[in-house]
Structure formats: C-alpha cells, structure tokens
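Worksheet: the structure to be examined is printed underneath.
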Amino acid sequence: ADPLLALLRSASSRPAALGDFLEKEATGPLTRALMSWGFSDHQAVDTANAIQSFIVGTVVTRRMLNTGAVAAATGPQLRGWLADVLQRLVDEGAAADSPRLPHQPHPSAGGVHQTPTDPPRS
C-alpha cells in the first residue's frame, strides 16, 4: 500500500534505480520548485536533498523499523511533526548563511548543475 516502502525494500538489489527514481520523481521537481520560489541553485539542491533524506528516514523508521516515537505517533501527531520539521528545513535552506553540501553535476535536476569545485562556504 506504500509505494515508497516498496521501493525501499527493493533497493538492496538495485540501489541506483531507487536513487534515479527519487531524483527524477521527487528531488529534481522539488529542486526546480524551490528555485522558482527564489532559492539559489545551492539552496534549492541542498534543501531538496535534506527533505528527501528526512522523508526516506521517516519512512524507514516508521514502516520498516517500526520503532521509536515516529512509529508510535498517531496520524495527526505525525502530520503535525512532519509539517513543522519540513517547514524548518525550507526556512533554514533559504537562509543565506546556511551550511552547504558539496555539489555534483546531476542532469535530472533540470538545469541545476553544480561541480565539485564549487567554493566551500564558511
């Protein structure tokens, strides 16, 4: 019933396929949306990756590991917590002084091509 859970379970045999799928169907479109809202390339890529990591981790914790507060939360509790954390990820990603991740070229990001030679941010 949970398509992301099914993808995660199949990832052990084809992890690159899961990464490609997530980039094409989630991270790439989210990156483009964030850029359309005024995020810089770096801000959009970093924020989209943070959101993807958070969502995948939440699904693994709740649906696969079934442990801790995330697994025990009711639907309304989980939705409220998700909304709060996702909003903070977006707000922090928009901050000019937010730490940055190293960037690799990724053609499916829709024009967001960063290279490993991008200067580090302090």
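By order of appearance in the structure tokens: chains A, B, ..., then residues from 1 within every chain, and ligands from 1 in the order shown.
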
Would you give me, as a Markdown table, each residue of stretch 6-36 of chain A having an atom within 12 Å of an atom of stretch 76-96 of chain A, along with its shortest atom pair and that distance in Å to one decimal, using only C-alpha atoms and sorting by chain and residue number?
```
| residue | atom | partner | partner_atom | distance |
| --- | --- | --- | --- | --- |
| A:Leu30 | CA | A:Val90 | CA | 11.0 |
| A:Thr31 | CA | A:Val90 | CA | 11.3 |
| A:Ala33 | CA | A:Val90 | CA | 11.7 |
| A:Leu34 | CA | A:Val90 | CA | 8.7 |
| A:Met35 | CA | A:Ala94 | CA | 10.3 |
```

Stretch 27-115 of chain A: residues DSSP assigns to alpha helix (DSSP H), reported as a PDB file with N, CA and C atoms, in the first residue's frame:
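This went into result14.pdb:
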```pdb
ATOM      1  N   GLY A  28      14.437  16.192  -8.009  1.00  0.00           N
ATOM      2  CA  GLY A  28      14.536  17.103  -9.157  1.00  0.00           C
ATOM      3  C   GLY A  28      13.381  18.087  -9.222  1.00  0.00           C
ATOM      4  N   PRO A  29      12.123  17.588  -9.198  1.00  0.00           N
ATOM      5  CA  PRO A  29      10.994  18.526  -9.225  1.00  0.00           C
ATOM      6  C   PRO A  29      10.965  19.471  -8.022  1.00  0.00           C
ATOM      7  N   LEU A  30      11.330  18.962  -6.833  1.00  0.00           N
ATOM      8  CA  LEU A  30      11.352  19.828  -5.663  1.00  0.00           C
ATOM      9  C   LEU A  30      12.429  20.897  -5.808  1.00  0.00           C
ATOM     10  N   THR A  31      13.591  20.523  -6.343  1.00  0.00           N
ATOM     11  CA  THR A  31      14.657  21.491  -6.582  1.00  0.00           C
ATOM     12  C   THR A  31      14.176  22.594  -7.511  1.00  0.00           C
ATOM     13  N   ARG A  32      13.524  22.216  -8.596  1.00  0.00           N
ATOM     14  CA  ARG A  32      13.015  23.217  -9.544  1.00  0.00           C
ATOM     15  C   ARG A  32      11.955  24.108  -8.895  1.00  0.00           C
ATOM     16  N   ALA A  33      11.087  23.527  -8.072  1.00  0.00           N
ATOM     17  CA  ALA A  33      10.063  24.326  -7.387  1.00  0.00           C
ATOM     18  C   ALA A  33      10.712  25.328  -6.438  1.00  0.00           C
ATOM     19  N   LEU A  34      11.697  24.877  -5.676  1.00  0.00           N
ATOM     20  CA  LEU A  34      12.379  25.780  -4.745  1.00  0.00           C
ATOM     21  C   LEU A  34      13.062  26.921  -5.496  1.00  0.00           C
ATOM     22  N   MET A  35      13.654  26.619  -6.646  1.00  0.00           N
ATOM     23  CA  MET A  35      14.286  27.670  -7.451  1.00  0.00           C
ATOM     24  C   MET A  35      13.234  28.661  -7.946  1.00  0.00           C
ATOM     25  N   SER A  36      12.055  28.168  -8.306  1.00  0.00           N
ATOM     26  CA  SER A  36      11.003  29.070  -8.782  1.00  0.00           C
ATOM     27  C   SER A  36      10.481  29.957  -7.649  1.00  0.00           C
ATOM     28  N   ASP A  41      20.565  28.161  -6.700  1.00  0.00           N
ATOM     29  CA  ASP A  41      20.834  26.769  -7.066  1.00  0.00           C
ATOM     30  C   ASP A  41      21.268  25.960  -5.848  1.00  0.00           C
ATOM     31  N   HIS A  42      22.260  26.488  -5.116  1.00  0.00           N
ATOM     32  CA  HIS A  42      22.775  25.778  -3.932  1.00  0.00           C
ATOM     33  C   HIS A  42      21.683  25.570  -2.891  1.00  0.00           C
ATOM     34  N   GLN A  43      20.931  26.607  -2.605  1.00  0.00           N
ATOM     35  CA  GLN A  43      19.876  26.499  -1.607  1.00  0.00           C
ATOM     36  C   GLN A  43      18.838  25.464  -2.015  1.00  0.00           C
ATOM     37  N   ALA A  44      18.447  25.472  -3.271  1.00  0.00           N
ATOM     38  CA  ALA A  44      17.420  24.546  -3.752  1.00  0.00           C
ATOM     39  C   ALA A  44      17.906  23.102  -3.707  1.00  0.00           C
ATOM     40  N   VAL A  45      19.115  22.856  -4.182  1.00  0.00           N
ATOM     41  CA  VAL A  45      19.659  21.494  -4.194  1.00  0.00           C
ATOM     42  C   VAL A  45      19.813  20.979  -2.769  1.00  0.00           C
ATOM     43  N   ASP A  46      20.411  21.790  -1.898  1.00  0.00           N
ATOM     44  CA  ASP A  46      20.623  21.369  -0.516  1.00  0.00           C
ATOM     45  C   ASP A  46      19.301  21.110   0.202  1.00  0.00           C
ATOM     46  N   THR A  47      18.341  21.992   0.026  1.00  0.00           N
ATOM     47  CA  THR A  47      17.059  21.845   0.704  1.00  0.00           C
ATOM     48  C   THR A  47      16.311  20.634   0.188  1.00  0.00           C
ATOM     49  N   ALA A  48      16.295  20.422  -1.115  1.00  0.00           N
ATOM     50  CA  ALA A  48      15.626  19.251  -1.678  1.00  0.00           C
ATOM     51  C   ALA A  48      16.272  17.961  -1.174  1.00  0.00           C
ATOM     52  N   ASN A  49      17.599  17.936  -1.092  1.00  0.00           N
ATOM     53  CA  ASN A  49      18.281  16.746  -0.576  1.00  0.00           C
ATOM     54  C   ASN A  49      17.992  16.534   0.902  1.00  0.00           C
ATOM     55  N   ALA A  50      17.930  17.597   1.679  1.00  0.00           N
ATOM     56  CA  ALA A  50      17.606  17.463   3.099  1.00  0.00           C
ATOM     57  C   ALA A  50      16.194  16.915   3.275  1.00  0.00           C
ATOM     58  N   ILE A  51      15.254  17.416   2.489  1.00  0.00           N
ATOM     59  CA  ILE A  51      13.867  16.947   2.572  1.00  0.00           C
ATOM     60  C   ILE A  51      13.785  15.488   2.163  1.00  0.00           C
ATOM     61  N   GLN A  52      14.460  15.119   1.069  1.00  0.00           N
ATOM     62  CA  GLN A  52      14.445  13.719   0.635  1.00  0.00           C
ATOM     63  C   GLN A  52      15.023  12.811   1.714  1.00  0.00           C
ATOM     64  N   SER A  53      16.143  13.195   2.298  1.00  0.00           N
ATOM     65  CA  SER A  53      16.762  12.382   3.347  1.00  0.00           C
ATOM     66  C   SER A  53      15.839  12.234   4.548  1.00  0.00           C
ATOM     67  N   PHE A  54      15.189  13.319   4.924  1.00  0.00           N
ATOM     68  CA  PHE A  54      14.268  13.295   6.049  1.00  0.00           C
ATOM     69  C   PHE A  54      13.073  12.382   5.773  1.00  0.00           C
ATOM     70  N   ILE A  55      12.483  12.500   4.606  1.00  0.00           N
ATOM     71  CA  ILE A  55      11.312  11.686   4.270  1.00  0.00           C
ATOM     72  C   ILE A  55      11.685  10.205   4.208  1.00  0.00           C
ATOM     73  N   VAL A  56      12.779   9.882   3.537  1.00  0.00           N
ATOM     74  CA  VAL A  56      13.198   8.476   3.440  1.00  0.00           C
ATOM     75  C   VAL A  56      13.491   7.923   4.838  1.00  0.00           C
ATOM     76  N   GLY A  57      14.177   8.699   5.660  1.00  0.00           N
ATOM     77  CA  GLY A  57      14.449   8.255   7.027  1.00  0.00           C
ATOM     78  C   GLY A  57      13.187   8.049   7.832  1.00  0.00           C
ATOM     79  N   THR A  58      12.218   8.925   7.660  1.00  0.00           N
ATOM     80  CA  THR A  58      10.950   8.786   8.368  1.00  0.00           C
ATOM     81  C   THR A  58      10.214   7.526   7.928  1.00  0.00           C
ATOM     82  N   VAL A  59      10.181   7.267   6.626  1.00  0.00           N
ATOM     83  CA  VAL A  59       9.513   6.062   6.119  1.00  0.00           C
ATOM     84  C   VAL A  59      10.210   4.808   6.643  1.00  0.00           C
ATOM     85  N   GLY A  68      10.409   3.571  18.020  1.00  0.00           N
ATOM     86  CA  GLY A  68      10.523   4.948  18.465  1.00  0.00           C
ATOM     87  C   GLY A  68       9.259   5.768  18.313  1.00  0.00           C
ATOM     88  N   ALA A  69       9.426   7.038  18.613  1.00  0.00           N
ATOM     89  CA  ALA A  69       8.296   7.969  18.626  1.00  0.00           C
ATOM     90  C   ALA A  69       7.677   8.145  17.246  1.00  0.00           C
ATOM     91  N   VAL A  70       8.489   8.096  16.196  1.00  0.00           N
ATOM     92  CA  VAL A  70       7.946   8.259  14.842  1.00  0.00           C
ATOM     93  C   VAL A  70       6.992   7.119  14.513  1.00  0.00           C
ATOM     94  N   ALA A  71       7.349   5.902  14.890  1.00  0.00           N
ATOM     95  CA  ALA A  71       6.485   4.747  14.627  1.00  0.00           C
ATOM     96  C   ALA A  71       5.247   4.767  15.521  1.00  0.00           C
ATOM     97  N   ALA A  72       5.393   5.256  16.747  1.00  0.00           N
ATOM     98  CA  ALA A  72       4.288   5.240  17.696  1.00  0.00           C
ATOM     99  C   ALA A  72       3.294   6.388  17.504  1.00  0.00           C
ATOM    100  N   GLY A  75      -1.637   9.440  13.387  1.00  0.00           N
ATOM    101  CA  GLY A  75      -1.632  10.189  12.130  1.00  0.00           C
ATOM    102  C   GLY A  75      -1.551  11.696  12.334  1.00  0.00           C
ATOM    103  N   PRO A  76      -2.426  12.277  13.171  1.00  0.00           N
ATOM    104  CA  PRO A  76      -2.358  13.719  13.395  1.00  0.00           C
ATOM    105  C   PRO A  76      -1.049  14.164  14.046  1.00  0.00           C
ATOM    106  N   GLN A  77      -0.534  13.376  14.988  1.00  0.00           N
ATOM    107  CA  GLN A  77       0.741  13.731  15.617  1.00  0.00           C
ATOM    108  C   GLN A  77       1.863  13.727  14.576  1.00  0.00           C
ATOM    109  N   LEU A  78       1.882  12.699  13.759  1.00  0.00           N
ATOM    110  CA  LEU A  78       2.939  12.591  12.747  1.00  0.00           C
ATOM    111  C   LEU A  78       2.821  13.728  11.734  1.00  0.00           C
ATOM    112  N   ARG A  79       1.609  14.020  11.272  1.00  0.00           N
ATOM    113  CA  ARG A  79       1.427  15.100  10.302  1.00  0.00           C
ATOM    114  C   ARG A  79       1.895  16.438  10.870  1.00  0.00           C
ATOM    115  N   GLY A  80       1.560  16.725  12.116  1.00  0.00           N
ATOM    116  CA  GLY A  80       1.989  17.972  12.736  1.00  0.00           C
ATOM    117  C   GLY A  80       3.502  18.061  12.844  1.00  0.00           C
ATOM    118  N   TRP A  81       4.122  16.964  13.266  1.00  0.00           N
ATOM    119  CA  TRP A  81       5.580  16.933  13.392  1.00  0.00           C
ATOM    120  C   TRP A  81       6.242  17.071  12.024  1.00  0.00           C
ATOM    121  N   LEU A  82       5.738  16.321  11.029  1.00  0.00           N
ATOM    122  CA  LEU A  82       6.292  16.420   9.674  1.00  0.00           C
ATOM    123  C   LEU A  82       6.188  17.843   9.141  1.00  0.00           C
ATOM    124  N   ALA A  83       5.027  18.457   9.304  1.00  0.00           N
ATOM    125  CA  ALA A  83       4.828  19.825   8.809  1.00  0.00           C
ATOM    126  C   ALA A  83       5.822  20.782   9.453  1.00  0.00           C
ATOM    127  N   ASP A  84       6.018  20.646  10.759  1.00  0.00           N
ATOM    128  CA  ASP A  84       6.935  21.534  11.475  1.00  0.00           C
ATOM    129  C   ASP A  84       8.374  21.335  10.992  1.00  0.00           C
ATOM    130  N   VAL A  85       8.816  20.093  10.922  1.00  0.00           N
ATOM    131  CA  VAL A  85      10.210  19.828  10.526  1.00  0.00           C
ATOM    132  C   VAL A  85      10.438  20.223   9.072  1.00  0.00           C
ATOM    133  N   LEU A  86       9.510  19.894   8.189  1.00  0.00           N
ATOM    134  CA  LEU A  86       9.672  20.269   6.782  1.00  0.00           C
ATOM    135  C   LEU A  86       9.718  21.783   6.620  1.00  0.00           C
ATOM    136  N   GLN A  87       8.877  22.504   7.354  1.00  0.00           N
ATOM    137  CA  GLN A  87       8.913  23.967   7.276  1.00  0.00           C
ATOM    138  C   GLN A  87      10.252  24.498   7.742  1.00  0.00           C
ATOM    139  N   ARG A  88      10.802  23.919   8.808  1.00  0.00           N
ATOM    140  CA  ARG A  88      12.115  24.358   9.287  1.00  0.00           C
ATOM    141  C   ARG A  88      13.207  24.058   8.268  1.00  0.00           C
ATOM    142  N   LEU A  89      13.117  22.915   7.589  1.00  0.00           N
ATOM    143  CA  LEU A  89      14.112  22.602   6.551  1.00  0.00           C
ATOM    144  C   LEU A  89      14.041  23.627   5.419  1.00  0.00           C
ATOM    145  N   VAL A  90      12.846  24.005   5.021  1.00  0.00           N
ATOM    146  CA  VAL A  90      12.693  25.000   3.957  1.00  0.00           C
ATOM    147  C   VAL A  90      13.199  26.362   4.437  1.00  0.00           C
ATOM    148  N   ASP A  91      12.813  26.760   5.637  1.00  0.00           N
ATOM    149  CA  ASP A  91      13.247  28.059   6.160  1.00  0.00           C
ATOM    150  C   ASP A  91      14.763  28.121   6.302  1.00  0.00           C
ATOM    151  N   GLU A  92      15.372  27.078   6.831  1.00  0.00           N
ATOM    152  CA  GLU A  92      16.830  27.051   7.001  1.00  0.00           C
ATOM    153  C   GLU A  92      17.520  27.016   5.641  1.00  0.00           C
ATOM    154  N   GLY A  93      16.960  26.273   4.688  1.00  0.00           N
ATOM    155  CA  GLY A  93      17.548  26.211   3.360  1.00  0.00           C
ATOM    156  C   GLY A  93      17.552  27.546   2.653  1.00  0.00           C
ATOM    157  N   ALA A  94      16.596  28.409   2.995  1.00  0.00           N
ATOM    158  CA  ALA A  94      16.519  29.729   2.376  1.00  0.00           C
ATOM    159  C   ALA A  94      17.495  30.717   2.996  1.00  0.00           C
TER     160      ALA A  94
END
```
